[in-house]
Amino acid sequence: MDSFAPDVLTVTDGSGQERQFEILDRVEGKDGISCLAVVPIFENKEDILSDIGDFDIVKLKEEDGGFVLTAVDAPDEFDSLYKNLEKRIEKKLYGDF
């Protein structure tokens with residue numbers, strides 16, 4: 001396996017449409033649930049150019065033998081997770097500088 005291959009998450013929404021996301025990083029939230037920093041994977045070049053280039057944060061909950069993604073509802077938790085994940089991702093990309 002290529003060590004540079006991205007971790008890809010495939011999500012099926014309520015209407016049965018699949019979307020793919022690259023997992024940039026994972027941390028544990030305040031409630032002990034895994035929180036993921038993800039960016040969409042686009043098939044269309046125009047969609048890539050229109051993306052703002054920021055990552056989303058979702059919670060990965062185990063439910064009924066599968067996994068469900070949910071939003072981080074509390075603004076203070078979201079801000080804390082965002083700052084933590086941003087620092088971790090920058091360190092992965094650029095190292096210590």
# chains A, B, ... in the order shown; residues from 1 in each chain; ligands from 1

$ residues_around --residues "Leu36 of chain A" --least-positions-apart "6" --cutoff "9 Å" --atoms "only C-alpha atoms" --output "PyMOL selection string"
chain A and resi 23-28+56-60+85

$ closest_residue --among "A:Phe42, A:Tyr94, A:Phe67, A:Phe55" --to "Thr12 of chain A" --atoms "only C-alpha atoms"
A:Phe67

$ atom_distance --atom1 "atom CA of Leu81 of chain A" --atom2 "atom CA of Phe21 of chain A"
18.4 Å

$ select_by_dssp --residues "chain A" --states "helix (DSSP H, G or I)" --output "list of chain:residue names"
A:Lys45, A:Glu46, A:Asp47, A:Ile48, A:Leu49, A:Ser50, A:Pro75, A:Asp76, A:Glu77, A:Phe78, A:Asp79, A:Ser80, A:Leu81, A:Tyr82, A:Lys83, A:Asn84, A:Leu85, A:Glu86, A:Lys87, A:Arg88, A:Ile89, A:Glu90, A:Lys91, A:Lys92, A:Leu93, A:Tyr94

$ closest_residue --among "A:Asp76, A:Asp64, A:Asp31, A:Glu43" --to "Arg19 of chain A" --atoms "only C-alpha atoms"
A:Glu43
